[in-house]
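Colleague: File target_28.tsv below, TSV, C-alpha atoms:
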chain	number	residue	atom	x	y	z
A	184	MET	CA	167.28	186.73	61.16
A	185	ILE	CA	164.85	189.41	60.03
A	186	CYS	CA	162.82	188.93	56.86
A	187	GLY	CA	160.72	191.54	55.14
A	188	ILE	CA	157.61	190.40	53.28
A	189	VAL	CA	155.99	192.82	50.86
A	190	LEU	CA	152.54	191.68	49.77
A	191	SER	CA	151.82	192.61	46.16
A	192	GLY	CA	149.62	189.77	44.94
A	193	GLY	CA	146.29	191.50	44.53
A	194	ALA	CA	144.64	192.49	41.27
A	195	SER	CA	144.57	196.25	42.10
A	196	SER	CA	141.08	196.24	40.59
A	197	ARG	CA	139.98	199.45	42.31
A	198	MET	CA	143.18	201.20	41.22
A	199	GLY	CA	142.85	200.03	37.62
A	200	GLN	CA	146.58	199.28	37.31
A	201	PRO	CA	149.25	197.49	39.35
A	202	LYS	CA	149.89	199.48	42.53
A	203	ALA	CA	153.43	198.12	42.73
A	204	LEU	CA	154.38	199.97	39.55
A	205	LEU	CA	152.86	203.34	40.40
A	206	PRO	CA	155.46	206.14	40.46
A	207	LEU	CA	156.49	207.50	43.85
A	208	GLY	CA	159.12	210.18	43.46
A	209	SER	CA	161.89	208.91	41.21
A	210	THR	CA	160.99	205.25	41.75
A	211	THR	CA	157.98	202.95	41.98
A	212	MET	CA	155.99	202.09	45.08
A	213	LEU	CA	157.46	198.58	45.07
A	214	GLU	CA	161.06	199.68	44.61
A	215	ARG	CA	160.75	202.18	47.44
A	216	LEU	CA	159.26	199.68	49.88
A	217	VAL	CA	161.84	197.02	49.01
A	218	LYS	CA	164.66	199.56	49.46
A	219	LEU	CA	163.32	200.52	52.89
A	220	PHE	CA	162.87	196.90	53.97
A	221	ASN	CA	166.40	196.06	52.80
A	222	LEU	CA	167.73	198.63	55.29
A	223	PHE	CA	166.34	196.57	58.17
A	224	CYS	CA	166.10	193.01	56.89
A	225	GLU	CA	168.66	190.40	55.88
A	226	GLN	CA	166.12	189.03	53.41
A	227	THR	CA	163.23	190.74	51.63
A	228	ILE	CA	160.59	188.75	49.75
A	229	VAL	CA	158.01	190.31	47.45
A	230	VAL	CA	155.01	188.05	47.01
A	231	THR	CA	153.35	188.74	43.67
A	232	GLY	CA	150.25	187.36	42.05
A	233	ALA	CA	147.90	188.92	39.52
A	234	HIS	CA	150.56	191.22	38.03
A	235	HIS	CA	153.64	189.02	38.41
A	236	SER	CA	154.70	189.22	34.75
A	237	GLN	CA	154.20	192.99	34.56
A	238	ILE	CA	156.22	193.53	37.75
A	239	LEU	CA	158.97	191.18	36.59
A	240	ASN	CA	159.18	192.87	33.18
A	241	ALA	CA	159.17	196.40	34.61
A	242	LEU	CA	161.54	195.70	37.50
A	243	PRO	CA	163.83	192.83	36.42
A	244	GLN	CA	166.41	193.85	39.04
A	245	LEU	CA	163.98	192.63	41.71
A	246	ALA	CA	163.62	189.17	40.15
A	247	PRO	CA	165.60	187.38	42.91
A	248	GLN	CA	163.23	188.78	45.51
A	249	LEU	CA	159.97	188.04	43.66
A	250	LEU	CA	157.93	185.04	44.70
A	251	TYR	CA	154.84	184.20	42.68
A	252	ASN	CA	151.75	183.16	44.63
A	253	GLU	CA	149.77	180.90	42.31
A	254	LYS	CA	146.87	181.07	44.80
A	255	HIS	CA	146.72	184.88	44.91
A	256	THR	CA	142.98	184.85	44.14
A	257	ASN	CA	142.49	183.29	47.61
A	258	GLY	CA	143.37	186.63	49.18
A	259	MET	CA	146.16	188.38	51.05
A	260	PHE	CA	146.57	185.64	53.66
A	261	SER	CA	147.56	183.20	50.92
A	262	SER	CA	150.33	185.60	49.89
A	263	LEU	CA	151.48	185.99	53.47
A	264	ARG	CA	151.58	182.20	53.88
A	265	LYS	CA	153.62	181.91	50.67
A	266	GLY	CA	156.13	184.43	51.99
A	267	LEU	CA	156.35	182.78	55.40
A	268	ALA	CA	156.98	179.40	53.78
A	269	ALA	CA	160.02	180.85	52.00
A	270	THR	CA	161.87	181.95	55.13
A	271	THR	CA	163.02	180.61	58.48
A	272	ALA	CA	163.35	184.07	59.99
A	273	ASP	CA	162.36	184.56	63.62
A	274	THR	CA	161.38	188.20	63.02
A	275	ILE	CA	159.17	189.31	60.15
A	276	LEU	CA	158.42	192.80	58.86
A	277	ILE	CA	155.21	192.73	56.80
A	278	SER	CA	153.45	195.29	54.66
A	279	PRO	CA	151.03	195.35	51.76
A	280	ILE	CA	152.34	197.40	48.82
A	281	ASP	CA	149.74	200.09	49.68
A	282	PHE	CA	151.95	201.62	52.38
A	283	ALA	CA	155.00	202.50	50.26
A	284	SER	CA	155.13	206.11	51.45
A	285	VAL	CA	156.03	205.12	55.02
A	286	ASP	CA	159.00	206.99	56.54
A	287	GLN	CA	162.21	205.12	57.29
A	288	SER	CA	162.06	206.40	60.87
A	289	SER	CA	158.63	204.81	61.35
A	290	ILE	CA	160.09	201.43	60.48
A	291	ALA	CA	163.18	201.95	62.65
A	292	CYS	CA	161.15	202.63	65.78
A	293	LEU	CA	159.41	199.26	65.49
A	294	PHE	CA	162.72	197.61	66.34
A	295	ASP	CA	163.05	199.55	69.61
A	296	THR	CA	160.84	196.94	71.32
A	297	PRO	CA	162.95	193.76	71.28
A	298	SER	CA	160.73	191.67	73.55
A	299	GLN	CA	157.34	192.43	71.99
A	300	THR	CA	155.61	189.80	69.85
A	301	ILE	CA	153.70	192.21	67.60
A	302	VAL	CA	154.62	195.86	67.04
A	303	LYS	CA	152.48	198.19	64.95
A	304	PRO	CA	152.92	201.85	64.02
A	305	ARG	CA	150.02	204.17	64.75
A	306	PHE	CA	149.27	207.60	63.33
A	307	ASP	CA	146.56	209.82	64.77
A	308	GLY	CA	144.99	206.84	66.55
A	309	GLN	CA	144.93	204.66	63.42
A	310	SER	CA	146.96	201.45	63.35
A	311	GLY	CA	149.04	200.96	60.23
A	312	HIS	CA	151.88	199.17	58.43
A	313	PRO	CA	154.45	197.76	58.32
A	314	ILE	CA	153.93	195.35	61.20
A	315	LEU	CA	156.79	193.68	63.03
A	316	ILE	CA	156.03	190.11	64.13
A	317	ARG	CA	158.09	187.77	66.28
A	318	GLN	CA	157.61	184.30	67.74
A	319	PRO	CA	155.22	182.76	68.74
A	320	ALA	CA	152.97	184.78	66.40
A	321	ILE	CA	154.97	183.70	63.34
A	322	ASP	CA	154.35	180.05	64.16
A	323	ALA	CA	150.65	180.76	64.67
A	324	LEU	CA	150.46	182.31	61.19
A	325	ARG	CA	152.30	179.34	59.69
A	326	LYS	CA	150.01	176.81	61.39
A	327	ALA	CA	146.75	178.64	60.64
A	328	GLU	CA	144.27	177.18	58.18
A	329	ALA	CA	144.57	178.47	54.62
A	330	THR	CA	141.13	180.06	54.96
A	331	SER	CA	142.18	182.05	58.05
A	332	ASN	CA	142.69	185.77	58.31
A	333	ALA	CA	145.99	187.22	59.57
A	334	LYS	CA	144.21	189.82	61.69
A	335	VAL	CA	142.20	187.10	63.45
A	336	VAL	CA	145.26	184.90	63.99
A	337	LEU	CA	147.32	187.78	65.37
A	338	SER	CA	144.51	189.00	67.64
A	339	GLN	CA	145.38	186.23	70.11
A	340	PHE	CA	148.68	188.01	70.86
A	341	PRO	CA	149.16	191.36	72.59
A	342	ALA	CA	150.24	194.14	70.26
A	343	THR	CA	152.41	197.10	71.11
A	344	TYR	CA	151.57	200.33	69.29
A	345	ILE	CA	154.21	202.93	68.50
A	346	ASP	CA	152.81	206.39	67.84
A	347	VAL	CA	154.52	208.05	64.88
A	348	ASN	CA	154.11	211.37	63.13
A	349	ASP	CA	153.82	209.71	59.74
A	350	PRO	CA	150.54	209.50	57.82
A	351	GLY	CA	152.28	207.03	55.48
A	352	VAL	CA	151.77	204.21	57.99
A	353	ALA	CA	148.00	204.58	57.71
A	354	ASP	CA	147.75	205.82	54.12
A	355	ASP	CA	146.12	202.80	52.45
A	356	CYS	CA	146.30	203.25	48.68
A	357	ASP	CA	143.47	201.39	46.93
A	358	THR	CA	141.90	203.87	44.50
A	359	PRO	CA	143.11	206.61	42.13
A	360	GLN	CA	141.82	209.13	44.70
A	361	ASP	CA	143.93	207.49	47.43
A	362	TYR	CA	146.96	207.60	45.16
A	363	ALA	CA	146.39	211.28	44.33
A	364	ARG	CA	146.22	212.05	48.07
A	365	LEU	CA	149.38	210.02	48.69
A	366	LEU	CA	151.21	211.93	45.96
A	367	LEU	CA	150.17	215.28	47.42
A	368	ARG	CA	151.54	214.29	50.83
A	369	TRP	CA	154.69	212.89	49.21
A	370	GLN	CA	155.33	216.10	47.25
A	371	ALA	CA	154.68	218.26	50.31
A	372	ARG	CA	157.41	216.51	52.30
A	373	SER	CA	159.95	216.29	49.45
Can you turn what I pasted into structure tokens?
Modeller:
Amino acid sequence: MICGIVLSGGASSRMGQPKALLPLGSTTMLERLVKLFNLFCEQTIVVTGAHHSQILNALPQLAPQLLYNEKHTNGMFSSLRKGLAATTADTILISPIDFASVDQSSIACLFDTPSQTIVKPRFDGQSGHPILIRQPAIDALRKAEATSNAKVVLSQFPATYIDVNDPGVADDCDTPQDYARLLLRWQARS
């Protein structure tokens, strides 16, 4: 089974508003990423936190997929752990909400490597998201201390990088300036 985990628990303090609810084309960043993940995953979980009520009120149709992380102030790894605890999947597709402009084809190519433990997209030499993770890396994440860091835990496993022609995999969206740049790229390709 393949499970998608979208991490949307942060406070979006640098953005000044919930990133999940920012418009991207005719939808929101969260709706777009969930729709993409649903194309590849039997289950998609959205782990929320600081803006859970706002997301639930704005996007009630996603309620069955929303999972509130009461420890969201402990950081992104706490949200990842919450998502992992809610699934028994042996393959996980993970992305923070920041990377909602990723192309569908960039996600599809991650699945072309069935025997690799960790598969990451890369644009112009920069590693990005979403990341595909299989066993035994999933177990390592589940067993890691709550104060761990996913990057550190996953560094013990070899990663395969797939080069893609998609700036969306590396287009981290943390500030209003990042969002403006993302929108310009989005409009240019629409």
Colleague: Identify, on the basis of all atoms listed in the file, every residue whose closest approach to stretch 296-313 of chain A does not exceed 12 Å; exclude the query and any residue fewer than 4 positions from it along the same chain; express the result as a ChimeraX atom specification.
Modeller: /A:187-190,216-217,219-220,223,273-292,317-323,334,336-356
Colleague: Let me make sure I understand: among A:Gln248, A:Thr270, A:Asn332, A:Gln360, which one has the smallest atom-to-atom distance to A:Asn221 if we use only C-alpha atoms?
Modeller: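 Distance minimum relative to A:Asn221 lands on A:Gln248.
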Colleague: Just the number, please: distance in Å from atom CA of A:Ser262 to atom CA of A:Trp369, one decimal.
Modeller: 27.6 Å
Colleague: Would you work out the distance separating atom CA of A:Thr271 from atom CA of A:Ala327, expressed in Å to one decimal?
Modeller: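 These two atoms are separated by 16.5 Å.
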Colleague: Take every atom of stretch 232-247 of chain A listed in the file, pad by 4 Å on each side, and give me the axis-aligned box centre and edge lengths in Å, one decimal, as JSON.
Modeller:
{"center_x": 157.2, "center_y": 191.9, "center_z": 38.0, "size_x": 26.5, "size_y": 17.0, "size_z": 17.7}
Colleague: Counting only C-alpha atoms, which of A:Ala203, A:Met184, A:Val229, A:Leu250 gets nearest to A:Asp357?
Modeller: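 Comparing A:Ala203, A:Met184, A:Val229, A:Leu250 against A:Asp357, the winner is A:Ala203.
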Colleague: Mind pulling up the distance from atom CA of A:Ala269 to atom CA of A:Lys202?
Modeller: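 Separation of atom CA of A:Lys202 and atom CA of A:Ala269: 23.2 Å.
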Colleague: Measuring atom to atom with only C-alpha atoms, identify which of A:Pro359, A:Gly232, A:Gly199, A:Gly208 is nearest to A:Gly258.
Modeller: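 Ranking A:Pro359, A:Gly232, A:Gly199, A:Gly208 by distance to A:Gly258, first place goes to A:Gly232.
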Colleague: Select, from A:Phe260, A:Gln226, A:Asp295, A:His234, the residue with the minimum atom-to-atom distance to A:Ser196, counting all atoms listed in the file.
Modeller: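 Going through A:Phe260, A:Gln226, A:Asp295, A:His234 one by one, the smallest distance to A:Ser196 is for A:His234.
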Colleague: Out of A:Glu214, A:Glu225, A:Glu253, A:Glu328, which residue has the shortest atom-to-atom distance to A:Ala272 when counting all atoms listed in the file?
Modeller: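 Of all the options, A:Glu225 lies closest to A:Ala272.
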